[in-house]
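The structure file run.cif is reproduced below (mmCIF, C-alpha atoms).
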data_work
#
loop_
_atom_site.label_atom_id
_atom_site.label_comp_id
_atom_site.auth_asym_id
_atom_site.auth_seq_id
_atom_site.Cartn_x
_atom_site.Cartn_y
_atom_site.Cartn_z
CA MET S 1 -56.32 180.84 31.44
CA THR S 2 -53.69 183.45 30.64
CA THR S 3 -52.15 185.72 33.20
CA GLU S 4 -50.59 188.21 30.83
CA THR S 5 -50.82 191.89 31.76
CA HIS S 6 -50.97 194.47 28.99
CA GLU S 7 -50.57 198.22 29.28
CA THR S 8 -52.20 200.72 26.98
CA ASP S 9 -53.86 204.14 26.96
CA VAL S 10 -57.47 203.15 26.43
CA ILE S 11 -59.41 199.89 26.79
CA ILE S 12 -62.47 199.65 24.58
CA ILE S 13 -65.09 197.10 25.60
CA GLY S 14 -66.80 196.05 22.39
CA ALA S 15 -65.37 195.85 18.87
CA GLY S 16 -68.50 196.88 17.01
CA PRO S 17 -68.62 199.88 14.67
CA CYS S 18 -68.48 202.45 17.49
CA GLY S 19 -65.58 200.72 19.26
CA LEU S 20 -63.69 200.51 15.98
CA PHE S 21 -64.25 204.15 15.11
CA ALA S 22 -63.11 205.06 18.63
CA VAL S 23 -59.80 203.35 17.79
CA PHE S 24 -59.51 205.76 14.86
CA GLU S 25 -60.40 208.94 16.74
CA LEU S 26 -58.20 208.03 19.72
CA GLY S 27 -55.44 207.03 17.34
CA LEU S 28 -55.44 210.44 15.68
CA LEU S 29 -54.73 211.88 19.11
CA GLY S 30 -51.84 209.46 19.56
CA LEU S 31 -53.60 207.16 22.00
CA LYS S 32 -53.12 203.38 21.88
CA THR S 33 -56.03 201.01 22.30
CA HIS S 34 -56.88 197.45 23.31
CA LEU S 35 -60.33 196.04 22.52
CA VAL S 36 -62.14 193.23 24.32
CA ASP S 37 -65.02 191.43 22.62
CA ILE S 38 -66.86 188.21 23.39
CA LEU S 39 -67.31 187.41 19.70
CA ASP S 40 -64.52 185.79 17.68
CA ARG S 41 -64.28 188.71 15.25
CA ALA S 42 -64.88 192.45 14.96
CA GLY S 43 -68.18 194.03 13.96
CA GLY S 44 -70.51 193.46 16.91
CA GLN S 45 -74.15 193.35 15.83
CA CYS S 46 -73.12 194.22 12.26
CA ALA S 47 -71.13 191.00 12.08
CA GLU S 48 -73.29 188.76 14.25
CA LEU S 49 -76.84 189.79 13.39
CA TYR S 50 -76.85 191.33 9.95
CA PRO S 51 -73.56 190.85 8.06
CA GLU S 52 -75.43 190.57 4.76
CA LYS S 53 -78.18 193.11 5.39
CA PRO S 54 -77.91 196.56 3.78
CA ILE S 55 -77.28 199.78 5.72
CA TYR S 56 -78.28 203.00 3.95
CA ASP S 57 -77.68 205.71 6.56
CA ILE S 58 -73.91 205.90 6.91
CA PRO S 59 -72.95 209.41 5.73
CA ALA S 60 -71.47 209.37 2.22
CA ILE S 61 -71.88 205.60 1.85
CA PRO S 62 -75.18 205.16 -0.02
CA MET S 63 -75.24 201.44 0.76
CA CYS S 64 -73.05 198.90 2.46
CA THR S 65 -73.70 195.66 4.32
CA GLY S 66 -72.95 195.12 7.99
CA GLN S 67 -69.87 193.11 7.03
CA GLU S 68 -68.67 195.73 4.53
CA LEU S 69 -68.99 198.46 7.14
CA THR S 70 -66.95 196.35 9.55
CA ASP S 71 -64.30 195.61 6.91
CA ARG S 72 -63.96 199.30 6.04
CA LEU S 73 -63.64 200.32 9.67
CA MET S 74 -60.97 197.64 10.18
CA GLU S 75 -59.08 199.08 7.22
CA GLN S 76 -59.50 202.63 8.53
CA THR S 77 -58.11 201.70 11.96
CA LYS S 78 -55.26 199.50 10.76
CA ALA S 79 -52.60 202.22 10.96
CA PHE S 80 -53.20 202.52 14.69
CA ASP S 81 -52.43 198.85 15.47
CA PRO S 82 -55.24 198.19 17.90
CA VAL S 83 -54.86 194.99 19.93
CA PHE S 84 -57.93 192.75 19.89
CA HIS S 85 -58.83 190.31 22.64
CA PHE S 86 -61.55 188.25 21.00
CA GLN S 87 -63.71 185.62 22.70
CA GLU S 88 -63.06 187.30 25.99
CA MET S 89 -65.60 188.99 28.22
CA ALA S 90 -64.71 192.05 30.28
CA GLU S 91 -65.34 190.77 33.77
CA GLY S 92 -63.69 192.77 36.52
CA LEU S 93 -62.56 196.36 36.86
CA ARG S 94 -60.51 197.92 39.62
CA LYS S 95 -58.68 201.16 40.20
CA LEU S 96 -54.92 200.89 40.78
CA ASP S 97 -52.90 203.05 43.18
CA ASP S 98 -51.53 205.07 40.26
CA ASP S 99 -55.11 206.00 39.28
CA ARG S 100 -55.17 203.74 36.23
CA TRP S 101 -57.76 201.02 35.62
CA GLU S 102 -57.08 197.31 35.55
CA LEU S 103 -59.57 195.32 33.52
CA THR S 104 -59.69 191.53 33.87
CA THR S 105 -61.36 189.28 31.33
CA ASP S 106 -63.03 185.93 31.90
CA GLN S 107 -59.95 184.34 30.30
CA GLY S 108 -57.68 185.90 32.90
CA THR S 109 -56.18 188.57 30.66
CA LYS S 110 -55.35 191.77 32.53
CA ILE S 111 -55.13 195.14 30.80
CA VAL S 112 -54.08 198.35 32.50
CA ALA S 113 -55.10 201.72 31.03
CA HIS S 114 -55.91 205.32 31.89
CA VAL S 115 -59.36 205.23 30.32
CA ILE S 116 -62.18 202.71 29.84
CA VAL S 117 -64.58 203.12 26.92
CA ILE S 118 -67.71 200.98 27.03
CA ALA S 119 -68.91 200.47 23.46
CA ALA S 120 -70.77 197.27 24.20
CA GLY S 121 -73.96 197.87 22.19
CA GLY S 122 -76.74 195.74 23.64
CA GLY S 123 -74.29 193.91 25.87
CA SER S 124 -72.44 190.63 25.45
CA PHE S 125 -73.68 188.11 22.94
CA VAL S 126 -74.44 184.98 24.94
CA PRO S 127 -76.19 181.74 23.97
CA LYS S 128 -79.97 181.78 24.10
CA LYS S 129 -81.03 179.29 26.77
CA PRO S 130 -84.22 177.23 26.56
CA HIS S 131 -86.68 178.01 29.34
CA LEU S 132 -86.75 174.60 30.96
CA GLU S 133 -87.04 173.88 34.63
CA GLY S 134 -83.88 172.43 36.14
CA LEU S 135 -81.80 173.08 33.02
CA ALA S 136 -79.34 175.33 34.83
CA GLU S 137 -78.45 172.53 37.27
CA TYR S 138 -76.89 170.53 34.47
CA GLU S 139 -75.03 173.36 32.73
CA ASP S 140 -71.39 172.47 32.09
CA THR S 141 -71.95 168.87 33.25
CA SER S 142 -74.60 167.68 30.81
CA VAL S 143 -75.87 170.83 29.10
CA PHE S 144 -73.49 172.72 26.83
CA TYR S 145 -73.91 175.74 24.57
CA ALA S 146 -70.62 175.19 22.75
CA VAL S 147 -68.36 172.26 21.97
CA ARG S 148 -64.81 172.83 23.14
CA LYS S 149 -63.48 169.29 22.76
CA ILE S 150 -65.12 166.71 20.53
CA ASP S 151 -63.46 163.94 22.56
CA ALA S 152 -65.49 164.94 25.60
CA PHE S 153 -68.56 163.59 23.80
CA ALA S 154 -67.06 160.23 22.81
CA GLY S 155 -69.42 157.35 23.58
CA LYS S 156 -72.14 159.71 24.81
CA ARG S 157 -75.82 159.82 23.94
CA ILE S 158 -76.34 163.37 22.74
CA VAL S 159 -79.46 165.41 22.06
CA ILE S 160 -78.88 168.42 19.83
CA ALA S 161 -81.69 170.98 19.54
CA GLY S 162 -82.07 173.60 16.83
CA GLY S 163 -82.21 174.02 13.06
CA GLY S 164 -79.38 176.38 12.27
CA ASP S 165 -75.83 175.76 11.10
CA SER S 166 -74.47 175.22 14.62
CA ALA S 167 -77.03 172.51 15.35
CA LEU S 168 -76.51 170.71 12.04
CA ASP S 169 -72.72 171.09 11.99
CA TRP S 170 -72.33 169.68 15.49
CA ALA S 171 -74.80 166.88 14.84
CA LEU S 172 -72.64 165.87 11.85
CA ASN S 173 -69.31 166.36 13.62
CA LEU S 174 -70.24 164.56 16.83
CA GLN S 175 -72.04 161.64 15.17
CA PRO S 176 -68.84 159.66 14.42
CA VAL S 177 -67.68 159.71 18.08
CA ALA S 178 -71.00 159.65 19.93
CA GLU S 179 -72.90 156.54 20.88
CA LYS S 180 -76.04 158.19 19.57
CA VAL S 181 -77.04 161.61 18.25
CA THR S 182 -80.66 162.73 18.28
CA LEU S 183 -81.46 165.98 16.49
CA VAL S 184 -84.57 167.76 17.76
CA HIS S 185 -86.10 170.52 15.66
CA HIS S 186 -89.60 171.95 15.52
CA ARG S 187 -90.10 171.42 11.78
CA ASP S 188 -88.84 169.40 8.84
CA GLY S 189 -87.16 172.46 7.39
CA PHE S 190 -83.93 174.15 8.39
CA ARG S 191 -82.24 177.50 8.21
CA ALA S 192 -78.95 175.59 8.06
CA ALA S 193 -77.03 175.11 4.81
CA PRO S 194 -78.82 172.63 2.50
CA ALA S 195 -75.69 170.46 2.15
CA SER S 196 -75.60 169.88 5.94
CA VAL S 197 -79.32 169.09 5.97
CA ASP S 198 -78.81 166.53 3.16
CA ALA S 199 -75.91 164.95 5.04
CA MET S 200 -78.05 164.73 8.18
CA HIS S 201 -80.93 163.07 6.30
CA ALA S 202 -78.50 160.56 4.77
CA LEU S 203 -77.26 159.56 8.24
CA VAL S 204 -80.85 159.27 9.50
CA ASP S 205 -81.76 157.07 6.52
CA ALA S 206 -78.72 154.90 7.25
CA GLY S 207 -79.88 154.47 10.85
CA LYS S 208 -76.87 156.36 12.21
CA MET S 209 -78.70 159.37 13.60
CA GLU S 210 -82.17 160.11 14.85
CA PHE S 211 -84.20 163.17 13.88
CA LYS S 212 -87.30 164.12 15.83
CA ILE S 213 -89.71 166.85 14.75
CA ALA S 214 -90.31 168.07 18.27
CA GLN S 215 -89.32 170.70 20.80
CA LEU S 216 -87.57 170.55 24.13
CA ALA S 217 -89.95 170.12 27.05
CA GLY S 218 -87.66 169.38 29.98
CA VAL S 219 -84.67 167.59 31.39
CA ASN S 220 -84.63 164.68 33.81
CA GLY S 221 -81.92 163.56 36.17
CA ASP S 222 -80.93 163.23 39.79
CA GLY S 223 -79.67 166.79 40.11
CA ALA S 224 -76.04 165.81 39.60
CA LYS S 225 -76.35 163.99 36.31
CA MET S 226 -78.87 164.39 33.51
CA THR S 227 -80.37 161.10 32.38
CA SER S 228 -82.85 162.06 29.68
CA VAL S 229 -84.30 164.94 27.71
CA ARG S 230 -88.06 165.33 27.50
CA VAL S 231 -89.34 166.35 24.08
CA LYS S 232 -92.83 167.22 22.89
CA SER S 233 -94.14 166.59 19.44
CA LYS S 234 -97.39 167.78 17.92
CA THR S 235 -98.22 164.31 16.69
CA ASP S 236 -96.77 162.02 19.35
CA GLY S 237 -97.02 164.10 22.51
CA GLU S 238 -94.25 164.05 25.11
CA SER S 239 -91.54 161.43 25.41
CA ASP S 240 -88.15 161.01 27.09
CA VAL S 241 -84.97 160.56 25.09
CA PRO S 242 -82.24 158.93 27.21
CA ALA S 243 -79.23 161.24 26.99
CA ASP S 244 -75.93 162.11 28.66
CA ALA S 245 -75.61 165.49 27.00
CA LEU S 246 -77.88 168.20 25.65
CA LEU S 247 -76.63 170.83 23.22
CA PRO S 248 -79.20 173.58 22.55
CA PHE S 249 -78.32 175.83 19.59
CA PHE S 250 -80.79 178.71 19.30
CA GLY S 251 -78.39 181.49 18.43
CA LEU S 252 -77.23 184.35 20.62
CA THR S 253 -78.93 187.03 22.62
CA MET S 254 -77.53 190.14 24.27
CA LYS S 255 -77.05 190.51 28.02
CA LEU S 256 -75.38 193.42 29.83
CA GLY S 257 -73.27 190.98 31.83
CA PRO S 258 -70.54 191.93 34.32
CA ILE S 259 -70.55 195.60 33.20
CA ALA S 260 -73.61 195.87 35.43
CA ASP S 261 -71.28 195.33 38.40
CA PHE S 262 -68.76 198.04 37.53
CA GLY S 263 -70.53 200.45 39.89
CA LEU S 264 -71.85 202.72 37.16
CA ASN S 265 -75.23 204.41 37.33
CA LEU S 266 -77.59 202.49 35.07
CA ASN S 267 -80.96 203.34 33.59
CA GLU S 268 -82.81 200.25 32.36
CA ASN S 269 -79.56 198.54 31.38
CA LEU S 270 -78.30 201.66 29.59
CA ILE S 271 -75.48 203.85 30.86
CA PRO S 272 -76.36 207.52 31.33
CA VAL S 273 -73.66 209.89 30.01
CA ASP S 274 -73.22 213.61 29.47
CA THR S 275 -73.28 214.89 25.91
CA GLU S 276 -70.03 216.83 26.07
CA LYS S 277 -67.65 213.98 26.83
CA PHE S 278 -69.92 210.92 26.92
CA GLU S 279 -68.52 210.19 30.34
CA THR S 280 -70.37 207.93 32.79
CA SER S 281 -71.03 208.52 36.47
CA ILE S 282 -67.44 207.39 37.11
CA PRO S 283 -64.71 209.74 35.83
CA SER S 284 -62.48 208.30 33.08
CA ILE S 285 -65.06 205.64 32.17
CA PHE S 286 -66.88 206.62 29.01
CA ALA S 287 -69.77 204.98 27.17
CA ILE S 288 -70.56 205.36 23.46
CA GLY S 289 -72.98 203.82 20.98
CA ASP S 290 -76.14 201.85 21.69
CA ILE S 291 -75.24 201.19 25.32
CA ASN S 292 -75.43 204.82 26.46
CA THR S 293 -78.40 207.07 27.02
CA TYR S 294 -78.92 210.85 27.18
CA PRO S 295 -81.77 213.20 26.30
CA GLY S 296 -82.44 212.90 22.57
CA LYS S 297 -80.36 209.76 22.10
CA LEU S 298 -80.83 207.97 18.77
CA LYS S 299 -79.54 204.44 18.45
CA LEU S 300 -77.84 204.98 15.12
CA ILE S 301 -74.32 204.03 14.10
CA LEU S 302 -73.68 207.62 13.04
CA SER S 303 -74.55 208.86 16.54
CA GLY S 304 -71.95 206.46 17.94
CA PHE S 305 -69.32 207.85 15.54
CA HIS S 306 -69.99 211.39 16.78
CA GLU S 307 -69.85 210.21 20.37
CA ALA S 308 -66.51 208.47 19.69
CA ALA S 309 -64.99 211.72 18.39
CA LEU S 310 -66.07 213.81 21.38
CA MET S 311 -65.17 211.11 23.90
CA SER S 312 -61.66 210.93 22.42
CA GLN S 313 -60.99 214.60 23.12
CA ALA S 314 -61.88 214.07 26.78
CA ALA S 315 -59.95 210.79 26.96
CA PHE S 316 -56.81 212.56 25.71
CA LEU S 317 -56.90 214.95 28.65
CA VAL S 318 -57.09 212.00 31.05
CA CYS S 319 -54.30 210.06 29.35
CA ARG S 320 -51.98 213.04 28.77
CA PRO S 321 -52.51 215.43 31.67
CA GLY S 322 -50.70 218.71 31.17
CA GLU S 323 -50.38 218.26 27.42
CA ARG S 324 -52.12 220.65 25.05
CA LEU S 325 -54.87 219.14 22.94
CA ARG S 326 -54.25 220.20 19.38
CA PHE S 327 -57.28 220.24 17.10
CA GLN S 328 -56.32 219.30 13.56
CA TYR S 329 -57.85 218.18 10.27
CA THR S 330 -56.73 215.02 8.47
CA THR S 331 -56.89 216.94 5.18
CA SER S 332 -54.22 219.42 6.14
CA SER S 333 -52.24 218.12 9.11
CA SER S 334 -48.95 216.45 8.30
CA ASP S 335 -48.87 215.17 11.88
CA LEU S 336 -52.18 213.34 11.43
CA GLN S 337 -51.17 212.09 8.01
CA LYS S 338 -48.02 210.59 9.51
CA LYS S 339 -50.10 208.82 12.15
CA LEU S 340 -52.35 207.52 9.38
CA GLY S 341 -49.28 206.24 7.52
CA VAL S 342 -50.11 208.16 4.35
CA ARG S 343 -47.20 210.57 4.51
CA MET P 344 -106.66 201.33 15.81
CA LYS P 345 -105.79 199.24 18.83
CA VAL P 346 -103.83 196.08 19.37
CA HIS P 347 -103.96 193.95 22.50
CA ILE P 348 -100.66 192.70 23.86
CA THR P 349 -100.45 190.11 26.63
CA ASP P 350 -97.24 190.00 28.66
CA LEU P 351 -95.53 187.07 30.37
CA ASP P 352 -97.62 187.55 33.51
CA GLY P 353 -100.82 187.23 31.52
CA ASN P 354 -101.71 190.91 31.76
CA THR P 355 -103.17 192.40 28.59
CA LYS P 356 -102.50 195.98 27.58
CA GLU P 357 -104.29 197.88 24.86
CA VAL P 358 -101.72 199.63 22.73
CA GLU P 359 -102.36 202.32 20.13
CA GLY P 360 -101.54 200.94 16.69
CA THR P 361 -100.58 202.88 13.60
CA ILE P 362 -101.30 201.64 10.10
CA GLY P 363 -98.08 201.06 8.21
CA TRP P 364 -95.99 200.47 11.33
CA THR P 365 -94.83 197.01 12.24
CA LEU P 366 -96.33 195.27 15.23
CA MET P 367 -92.87 195.26 16.86
CA GLU P 368 -92.64 199.07 16.59
CA VAL P 369 -96.10 199.51 18.06
CA ILE P 370 -95.33 197.19 20.99
CA ARG P 371 -92.03 198.99 21.67
CA ASP P 372 -93.63 202.42 21.32
CA GLY P 373 -96.42 201.33 23.64
CA GLY P 374 -93.90 200.84 26.42
CA MET P 375 -94.09 197.05 26.48
CA PRO P 376 -90.88 195.06 26.99
CA ILE P 377 -89.71 193.59 23.69
CA LYS P 378 -86.05 192.95 22.95
CA ALA P 379 -86.16 193.22 19.15
CA GLU P 380 -82.36 193.13 19.19
CA CYS P 381 -81.75 193.55 15.46
CA GLY P 382 -84.14 196.49 15.28
CA GLY P 383 -86.56 194.95 12.82
CA ALA P 384 -84.27 193.44 10.18
CA CYS P 385 -85.63 189.88 10.53
CA ALA P 386 -82.12 189.01 11.69
CA CYS P 387 -82.79 187.68 15.19
CA ALA P 388 -85.83 186.10 16.78
CA THR P 389 -86.20 188.35 19.80
CA CYS P 390 -89.54 189.95 18.82
CA HIS P 391 -91.23 186.54 18.93
CA VAL P 392 -94.98 186.71 19.61
CA TYR P 393 -97.89 184.28 19.51
CA VAL P 394 -100.79 185.52 17.41
CA ASP P 395 -104.17 184.54 18.87
CA GLU P 396 -105.81 181.74 16.93
CA GLU P 397 -108.72 183.94 15.83
CA TRP P 398 -106.29 186.38 14.20
CA LEU P 399 -104.19 183.91 12.23
CA ASP P 400 -106.08 184.55 8.98
CA GLN P 401 -105.61 188.32 9.16
CA THR P 402 -101.90 188.14 9.95
CA GLY P 403 -101.20 185.73 7.10
CA GLU P 404 -98.34 183.33 6.52
CA ARG P 405 -94.75 183.61 7.69
CA THR P 406 -92.37 184.55 4.91
CA GLU P 407 -89.59 182.09 4.09
CA GLU P 408 -87.00 184.40 5.68
CA GLU P 409 -89.11 184.67 8.82
CA GLU P 410 -89.65 180.89 8.90
CA ASP P 411 -85.87 180.38 8.85
CA MET P 412 -85.34 182.94 11.58
CA ILE P 413 -88.00 181.29 13.76
CA ASP P 414 -85.64 178.29 13.86
CA LEU P 415 -83.80 180.35 16.48
CA ALA P 416 -86.95 180.99 18.53
CA LEU P 417 -87.82 178.97 21.61
CA ASP P 418 -91.20 177.33 22.22
CA VAL P 419 -92.50 177.67 18.67
CA GLN P 420 -96.26 177.38 18.26
CA ASP P 421 -98.67 177.57 15.31
CA GLY P 422 -99.23 181.26 16.01
CA SER P 423 -95.51 182.07 16.31
CA ARG P 424 -94.53 185.19 14.37
CA LEU P 425 -91.79 187.78 14.46
CA ALA P 426 -93.57 191.02 15.30
CA CYS P 427 -91.24 193.01 13.04
CA GLN P 428 -92.62 191.10 10.06
CA ILE P 429 -96.29 192.02 10.63
CA GLU P 430 -97.10 195.37 9.03
CA LEU P 431 -100.31 196.73 10.49
CA SER P 432 -103.31 197.56 8.29
CA GLU P 433 -107.00 198.34 8.92
CA ALA P 434 -107.60 194.59 9.06
CA HIS P 435 -105.53 194.36 12.25
CA ASP P 436 -107.68 196.63 14.42
CA GLY P 437 -108.22 194.65 17.62
CA LEU P 438 -105.36 192.21 16.93
CA LYS P 439 -104.45 190.05 19.91
CA VAL P 440 -100.95 188.68 20.48
CA THR P 441 -98.98 187.31 23.42
CA LEU P 442 -95.29 188.02 23.94
CA ALA P 443 -93.07 184.93 23.85
CA ARG P 444 -90.56 184.51 26.66
CA ASP P 445 -87.60 184.85 24.33
CA ALA P 446 -88.86 188.27 23.24
CA VAL P 447 -88.60 189.55 26.80
CA LEU P 448 -86.07 187.60 28.86
#

Have the structure of the file written as structure tokens, please.
Amino acid sequence: MTTETHETDVIIIGAGPCGLFAVFELGLLGLKTHLVDILDRAGGQCAELYPEKPIYDIPAIPMCTGQELTDRLMEQTKAFDPVFHFQEMAEGLRKLDDDRWELTTDQGTKIVAHVIVIAAGGGSFVPKKPHLEGLAEYEDTSVFYAVRKIDAFAGKRIVIAGGGDSALDWALNLQPVAEKVTLVHHRDGFRAAPASVDAMHALVDAGKMEFKIAQLAGVNGDGAKMTSVRVKSKTDGESDVPADALLPFFGLTMKLGPIADFGLNLNENLIPVDTEKFETSIPSIFAIGDINTYPGKLKLILSGFHEAALMSQAAFLVCRPGERLRFQYTTSSSDLQKKLGVR
Amino acid sequence: MKVHITDLDGNTKEVEGTIGWTLMEVIRDGGMPIKAECGGACACATCHVYVDEEWLDQTGERTEEEEDMIDLALDVQDGSRLACQIELSEAHDGLKVTLARDAVL
């Protein structure tokens, strides 16, 4: 846990395309930004869900991939030196006596700013959890969705479920320290990289790992400690695999998370905003991109870009009360060109 | 054309289908809960449905890309499909599917 406190003009929750473009628009107005994102890199859904898929509807870019769009936005915002807090989830928000906001993350980081911009898309990416009775009881004691320290699994009997790169990589990496690794996957085919699959098969052939074509069916234990994982197979029915740890790797899904407790009006997990400033029901908290809703809303990246530009004008007036908002073009303004570092 | 969608509570709703749309779009347009987080790019597995056994022939095989993506689905069954990968045609009039839990929760 860190206890550092940062000060800035605007905190952006979410470093997807809309959050990144907000850095640019706010930056042109001279406003500094910090971004908080649960992922370990920028790009949001573009980076997590479809980095290699093509996007054809970004104005003036006939085609780019999700990753290319992210890379270009990172380049475009570089001059404004945004500060990124990756792998942190925005958790708490409170108003300070001087009317600024203090945002706290799940890692203990505190950021103080005049304005909050929620650009959180479909919410936080969190691990997809198997729907098994009693599973939650063993979370963080026997059931883990990430490996923080390999040593913690030394000498343990581990069941790893899934067929993607996370499942295969951790099966391979934990095998040398674990007493036993059992990989459970619903088919004898994997979305994971072929080299990892080959390495797994080699260990299975050498008797150093077990692979079951099966699915998770349940967990057994005394409530405090898990003792075995129940699996079901089409051919062999259900059986119990003695285990100290279960690591399910079924990718990520999006959940609104602690933003739901910020006190904002919500409409089916979306945040209603006006279409002049894209401000929420709480003054100086704005919402842009897929997470907001208003009459006529289209969930398109280009809509989020427009929303970022209009939001920034309103955010300026909050951050710089009494100052005149000067409307300028990047083509002709030497002031903007200086901010962009091109003059 | 109509498609019949069963939710997690076992209630079945008849939804208006449109030829050329994907099953995911029709379910979403019909007001049923379906996450479909990637918006139909076969890049997540949150439009996971179970096609009724009697409709498996008409809906055909999973593509290789879809098969890989279903590795991230929970509770995979023989009829497991990603609804964004089923494009509706005349042959699907009356199609019956059940939403998987990971498409909703």

Quote the spacing between CA of Thr65 in chain S and CA of Ala47 in chain S in Å to one decimal place.
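Separation between CA of Thr65 in chain S and CA of Ala47 in chain S: 9.4 Å.
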
Nearest residue to Ile58 in chain S out of S:Arg72, S:Glu276, S:Thr253, S:Leu340, using only C-alpha atoms?
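Checking each of S:Arg72, S:Glu276, S:Thr253, S:Leu340 against Ile58 in chain S, counting only C-alpha atoms, the winner is S:Arg72.
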
When the cut-off is 6 Å and we count all atoms listed in the file, which residues of chain P are near chain S, given as an NGL selection string?
:P and (386 or 411 or 414-415)

Specify as a VMD selection string each residue included when the PyMOL selection byres ((chain S and resi 309) around 9) is applied to this file.
chain S and resid 21 to 22 24 to 26 304 to 308 310 to 313

Using the chain letters and numbers from this file, what does the PyMOL selection byres ((chain P and resi 439) around 10) select? Give the answer as a ChimeraX atom specification.
/P:345-349,355-357,393-399,435-438,440-441

How would you write, as a ChimeraX atom specification, the residues chosen by the PyMOL selection byres ((chain S and resi 105) around 6) on this structure?
/S:88-91,104,106-109

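Among the candidates S:Gly30, S:Ser124, S:Gln67, S:Pro176, the one nearest to Ala79 in chain S when counting all atoms listed in the file is S:Gly30.
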
Just how far from CA of Lys225 in chain S is CA of Pro258 in chain S, in Å to one decimal?
28.6 Å

Quick one: distance from CA of Val419 in chain P to CA of Ile377 in chain P in Å, one decimal?
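Rounded to one decimal, the two atoms are 16.9 Å apart.
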
Report as a list in words all protein, DNA and RNA residues lying within 8 Å of Thr227 in chain S, evaluated on only C-alpha atoms, omitting residues in the same chain fewer than 2 positions from it.
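Close residues of Thr227 in chain S: Val219, Asn220, Gly221, Asp222, Lys225, Val229, Pro242, Ala243 and Asp244 of chain S.
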
Writer output for current selection, C-alpha atoms, as a PDB file, in the coordinates of the input:
ATOM      1  CA  VAL S 219     -84.670 167.590  31.390  1.00  0.00           C
ATOM      2  CA  ASN S 220     -84.630 164.680  33.810  1.00  0.00           C
ATOM      3  CA  GLY S 221     -81.920 163.560  36.170  1.00  0.00           C
ATOM      4  CA  ASP S 222     -80.930 163.230  39.790  1.00  0.00           C
ATOM      5  CA  LYS S 225     -76.350 163.990  36.310  1.00  0.00           C
ATOM      6  CA  VAL S 229     -84.300 164.940  27.710  1.00  0.00           C
ATOM      7  CA  PRO S 242     -82.240 158.930  27.210  1.00  0.00           C
ATOM      8  CA  ALA S 243     -79.230 161.240  26.990  1.00  0.00           C
ATOM      9  CA  ASP S 244     -75.930 162.110  28.660  1.00  0.00           C
TER      10      ASP S 244
END
